[in-house]
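The file target_30.csv contains CSV, C-alpha atoms:
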chain,number,residue,atom,x,y,z
L,932,MET,CA,0.0,0.0,0.0
L,933,SER,CA,1.2,3.4,-0.8
L,934,ASP,CA,0.8,6.5,1.3
L,935,THR,CA,-0.4,8.6,-1.6
L,936,PRO,CA,-4.0,9.6,-1.5
L,937,ARG,CA,-6.3,8.1,-4.1
L,938,PRO,CA,-7.9,10.6,-6.5
L,939,ALA,CA,-11.5,11.4,-6.0
L,940,ASP,CA,-14.0,9.3,-7.9
L,941,PRO,CA,-15.1,11.4,-10.8
L,942,THR,CA,-18.4,9.5,-10.9
L,943,GLY,CA,-19.7,10.6,-7.5
L,944,VAL,CA,-23.4,11.1,-6.9
L,945,VAL,CA,-25.1,14.1,-5.3
L,946,TYR,CA,-28.2,13.2,-3.4
L,947,ASP,CA,-31.0,15.8,-3.1
L,948,ARG,CA,-32.4,15.4,0.4
L,949,GLY,CA,-35.1,18.0,-0.1
L,950,TYR,CA,-33.6,20.6,2.3
L,951,ALA,CA,-34.7,24.1,1.4
L,952,PRO,CA,-32.9,27.2,2.5
L,953,TYR,CA,-34.6,29.6,4.8
L,954,THR,CA,-36.2,32.4,2.8
L,955,GLY,CA,-38.1,34.2,5.6
L,956,VAL,CA,-37.3,37.4,7.4
L,957,ARG,CA,-34.3,37.2,9.7
L,958,HIS,CA,-34.9,39.1,12.9
L,959,GLY,CA,-32.0,40.4,15.0
L,960,SER,CA,-31.1,40.3,18.6
L,961,ARG,CA,-34.0,42.7,19.6
L,962,ALA,CA,-36.6,40.2,18.4
L,963,VAL,CA,-34.7,37.4,20.2
L,964,PHE,CA,-34.7,39.5,23.4
L,965,TRP,CA,-38.5,40.0,23.3
L,966,ALA,CA,-39.1,36.4,22.4
L,967,ILE,CA,-37.2,35.3,25.6
L,968,VAL,CA,-39.1,37.9,27.7
L,969,LYS,CA,-42.4,36.7,26.3
L,970,ASP,CA,-41.4,33.1,27.0
L,971,GLY,CA,-40.5,34.1,30.6
L,972,VAL,CA,-43.9,35.6,31.2
L,973,ARG,CA,-45.6,32.6,29.8
L,974,ARG,CA,-43.5,30.3,31.9
L,975,GLY,CA,-44.0,32.3,35.0
L,976,PHE,CA,-47.8,32.0,34.8
L,977,GLY,CA,-47.8,28.5,33.3
L,978,ILE,CA,-49.4,29.6,30.0
L,979,ARG,CA,-49.2,27.0,27.3
L,980,ARG,CA,-47.9,24.4,29.8
L,981,LYS,CA,-49.4,21.4,31.5
L,982,PHE,CA,-52.0,21.9,34.2
L,983,ARG,CA,-49.7,21.0,37.0
L,984,TYR,CA,-47.5,24.0,36.1
L,985,LYS,CA,-50.5,26.4,36.4
L,986,ILE,CA,-51.6,25.4,39.8
L,987,LEU,CA,-49.2,27.3,42.0
L,988,PRO,CA,-48.9,30.6,40.1
L,989,TRP,CA,-52.7,30.9,39.6
L,990,SER,CA,-53.4,29.8,43.2
L,991,LEU,CA,-51.0,32.5,44.4
L,992,ALA,CA,-52.6,35.1,42.0
L,993,THR,CA,-56.0,34.2,43.5
L,994,LEU,CA,-54.7,34.6,47.0
L,995,MET,CA,-53.5,38.1,45.9
L,996,VAL,CA,-56.9,39.1,44.6
L,997,LEU,CA,-58.9,37.7,47.5
L,998,PRO,CA,-57.9,40.3,50.1
L,999,ALA,CA,-58.5,43.1,47.6
L,1000,ALA,CA,-62.0,41.8,46.8
L,1001,PHE,CA,-62.6,41.4,50.5
L,1002,PHE,CA,-61.6,44.9,51.3
L,1003,VAL,CA,-63.8,46.3,48.5
L,1004,GLY,CA,-66.7,44.1,49.6
L,1005,PHE,CA,-66.3,45.2,53.3
L,1006,ALA,CA,-66.2,48.8,52.3
L,1007,PHE,CA,-69.2,48.4,50.1
L,1008,PHE,CA,-71.4,46.7,52.7
L,1009,PHE,CA,-70.3,48.6,55.8
L,1010,SER,CA,-69.5,52.1,54.5
L,1011,SER,CA,-72.7,53.6,55.7
L,1012,GLN,CA,-72.5,51.9,59.2
L,1013,ILE,CA,-68.8,52.6,60.1
L,1014,ASP,CA,-67.0,55.9,60.2
L,1015,GLN,CA,-64.4,56.7,57.5
L,1016,GLY,CA,-61.5,56.3,59.9
L,1017,ALA,CA,-62.3,52.6,60.4
L,1018,LEU,CA,-62.7,52.1,56.7
L,1019,ASP,CA,-59.2,53.5,56.1
L,1020,PHE,CA,-57.9,50.3,57.6
L,1021,PHE,CA,-59.1,48.5,54.5
L,1022,GLY,CA,-56.8,50.3,52.2
L,1023,HIS,CA,-53.5,49.9,50.2
L,1024,GLN,CA,-51.2,49.8,53.3
L,1025,SER,CA,-53.2,47.0,55.0
L,1026,TYR,CA,-53.4,45.1,51.7
L,1027,ALA,CA,-49.6,45.3,51.3
L,1028,VAL,CA,-49.2,43.9,54.8
L,1029,PHE,CA,-51.5,41.0,54.1
L,1030,THR,CA,-50.1,40.0,50.8
L,1031,THR,CA,-46.3,40.5,51.1
L,1032,SER,CA,-45.6,36.9,52.0
L,1033,ILE,CA,-47.7,35.7,49.0
L,1034,ALA,CA,-45.7,38.0,46.7
L,1035,VAL,CA,-42.4,36.6,48.1
L,1036,LEU,CA,-43.7,33.1,47.5
L,1037,PHE,CA,-44.5,33.9,43.9
L,1038,VAL,CA,-41.1,35.4,43.3
L,1039,ALA,CA,-39.5,32.4,44.9
L,1040,PHE,CA,-41.5,30.2,42.6
L,1041,VAL,CA,-41.1,32.1,39.3
L,1042,THR,CA,-37.4,32.9,39.5
L,1043,PRO,CA,-36.0,29.4,39.2
L,1044,GLU,CA,-38.8,28.5,36.8
L,1045,LEU,CA,-37.3,30.8,34.2
L,1046,ILE,CA,-33.7,29.6,34.2
L,1047,VAL,CA,-33.6,26.0,35.4
L,1048,PRO,CA,-35.8,24.4,32.7
L,1049,ASP,CA,-33.5,25.9,30.0
L,1050,ARG,CA,-30.6,24.1,31.6
L,1051,GLU,CA,-32.4,20.9,32.1
L,1052,GLU,CA,-33.9,20.7,28.6
L,1053,GLY,CA,-30.6,21.8,27.0
L,1054,VAL,CA,-31.9,24.8,25.1
L,1055,LEU,CA,-29.1,27.1,26.2
L,1056,ALA,CA,-27.1,25.8,23.2
L,1057,VAL,CA,-30.0,26.8,21.0
L,1058,TYR,CA,-30.1,30.3,22.5
L,1059,ALA,CA,-26.3,30.5,22.0
L,1060,SER,CA,-26.7,29.7,18.3
L,1061,ARG,CA,-28.9,32.8,17.9
L,1062,PRO,CA,-27.8,36.5,18.0
L,1063,VAL,CA,-28.0,36.8,21.7
L,1064,THR,CA,-25.2,37.0,24.2
L,1065,ALA,CA,-25.1,35.6,27.7
L,1066,LEU,CA,-25.7,39.0,29.1
L,1067,GLY,CA,-28.6,39.5,26.7
L,1068,TYR,CA,-30.1,36.2,27.7
L,1069,LEU,CA,-29.9,37.0,31.4
L,1070,SER,CA,-31.2,40.5,30.9
L,1071,ALA,CA,-34.2,39.2,28.9
L,1072,ARG,CA,-34.9,36.6,31.7
L,1073,ALA,CA,-34.6,39.4,34.3
L,1074,ALA,CA,-37.0,41.6,32.2
L,1075,GLY,CA,-39.4,38.6,32.0
L,1076,LEU,CA,-39.3,38.2,35.7
L,1077,ALA,CA,-39.8,41.9,36.3
L,1078,LEU,CA,-42.8,41.9,33.9
L,1079,THR,CA,-44.3,38.8,35.5
L,1080,VAL,CA,-44.0,40.0,39.0
L,1081,GLY,CA,-45.2,43.5,38.0
L,1082,VAL,CA,-48.4,42.1,36.5
L,1083,PHE,CA,-48.8,39.9,39.6
L,1084,LEU,CA,-48.6,42.8,41.9
L,1085,PHE,CA,-50.3,45.5,39.8
L,1086,VAL,CA,-53.6,43.8,38.9
L,1087,PRO,CA,-54.8,43.4,42.5
L,1088,GLN,CA,-53.8,47.0,43.3
L,1089,VAL,CA,-55.8,48.3,40.4
L,1090,LEU,CA,-58.8,46.2,41.5
L,1091,LEU,CA,-58.5,47.6,45.0
L,1092,TYR,CA,-58.0,51.2,43.7
L,1093,LEU,CA,-61.0,51.1,41.4
L,1094,GLY,CA,-63.1,49.2,43.9
L,1095,LEU,CA,-62.5,51.5,46.8
L,1096,GLY,CA,-63.0,54.5,44.5
L,1097,ALA,CA,-66.4,53.0,43.5
L,1098,VAL,CA,-67.6,52.8,47.1
L,1099,ASP,CA,-66.2,56.1,48.3
L,1100,PRO,CA,-68.9,58.5,49.6
L,1101,ASP,CA,-67.3,61.5,47.8
L,1102,GLY,CA,-67.9,59.8,44.4
L,1103,PHE,CA,-65.8,57.8,42.0
L,1104,ALA,CA,-64.0,60.6,40.2
L,1105,ALA,CA,-63.1,62.4,43.4
L,1106,ALA,CA,-61.8,59.2,45.0
L,1107,LEU,CA,-59.7,58.3,42.0
L,1108,THR,CA,-58.1,61.8,41.8
L,1109,GLY,CA,-57.8,62.0,45.6
L,1110,ASN,CA,-56.0,58.7,45.9
L,1111,LEU,CA,-53.9,59.0,42.7

Mind turning the file's structure into structure tokens?
Amino acid sequence: MSDTPRPADPTGVVYDRGYAPYTGVRHGSRAVFWAIVKDGVRRGFGIRRKFRYKILPWSLATLMVLPAAFFVGFAFFFSSQIDQGALDFFGHQSYAVFTTSIAVLFVAFVTPELIVPDREEGVLAVYASRPVTALGYLSARAAGLALTVGVFLFVPQVLLYLGLGAVDPDGFAAALTGNL
């Protein structure tokens, strides 16, 4: 046997496997960033996931809304029988005291839910093949966490704000502008 390489066979065959090149619009790193943020919000609330992933976040969201609904209901039913000073107890400060531990539990649940499944499912390599850096990935996940927690905290506050404004004896518009 000689060490010289054999010439290539001039009768080689090219097989057409049917692969088509991508002809769609190519989005940049900004689109990838917002896709990761949107995925983080969906993951935080269990949207488009199995039912077992929805139980804890939606149970905690319900627990956040219940005190607000109770405060509004109490103010509605007892506003004519109790003086305004006693009704002030059922406001935003008392609501924050009652729901702080629920909010901490939600943050403790959502934060690892954003990063850990990416590592377990091996999709970090897929993210790395896209135009996103490690800092961009982490900042998108942080933005997803901030948006998820912001929605979680904001919706009950709006319910409480509008509900207490609706039962205020001075009127809805006066209560909204006075408590703004």

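The interatomic distance for the pair atom CA of L:Lys969 and atom CA of L:Leu1090 works out to 24.3 Å.
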
L:Ala962: which residues within 12 Å, counting only C-alpha atoms, same-chain residues fewer than 4 positions away excluded, as number ranges by chain?
L: 956-958, 966-969, 1061-1063, 1067, 1071

Between atom CA of L:Ala1000 and atom CA of L:Thr1108 - distance in Å to one decimal:
21.0 Å

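In this model, the gap between atom CA of L:Phe976 and atom CA of L:Trp989 comes to 6.9 Å.
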
With distances taken over all atoms listed in the file, which residue among L:Asp1101, L:Ala1073, L:His1023, L:Arg1050 lies nearest L:Val1089?
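Smallest separation from L:Val1089 among the options: L:His1023.
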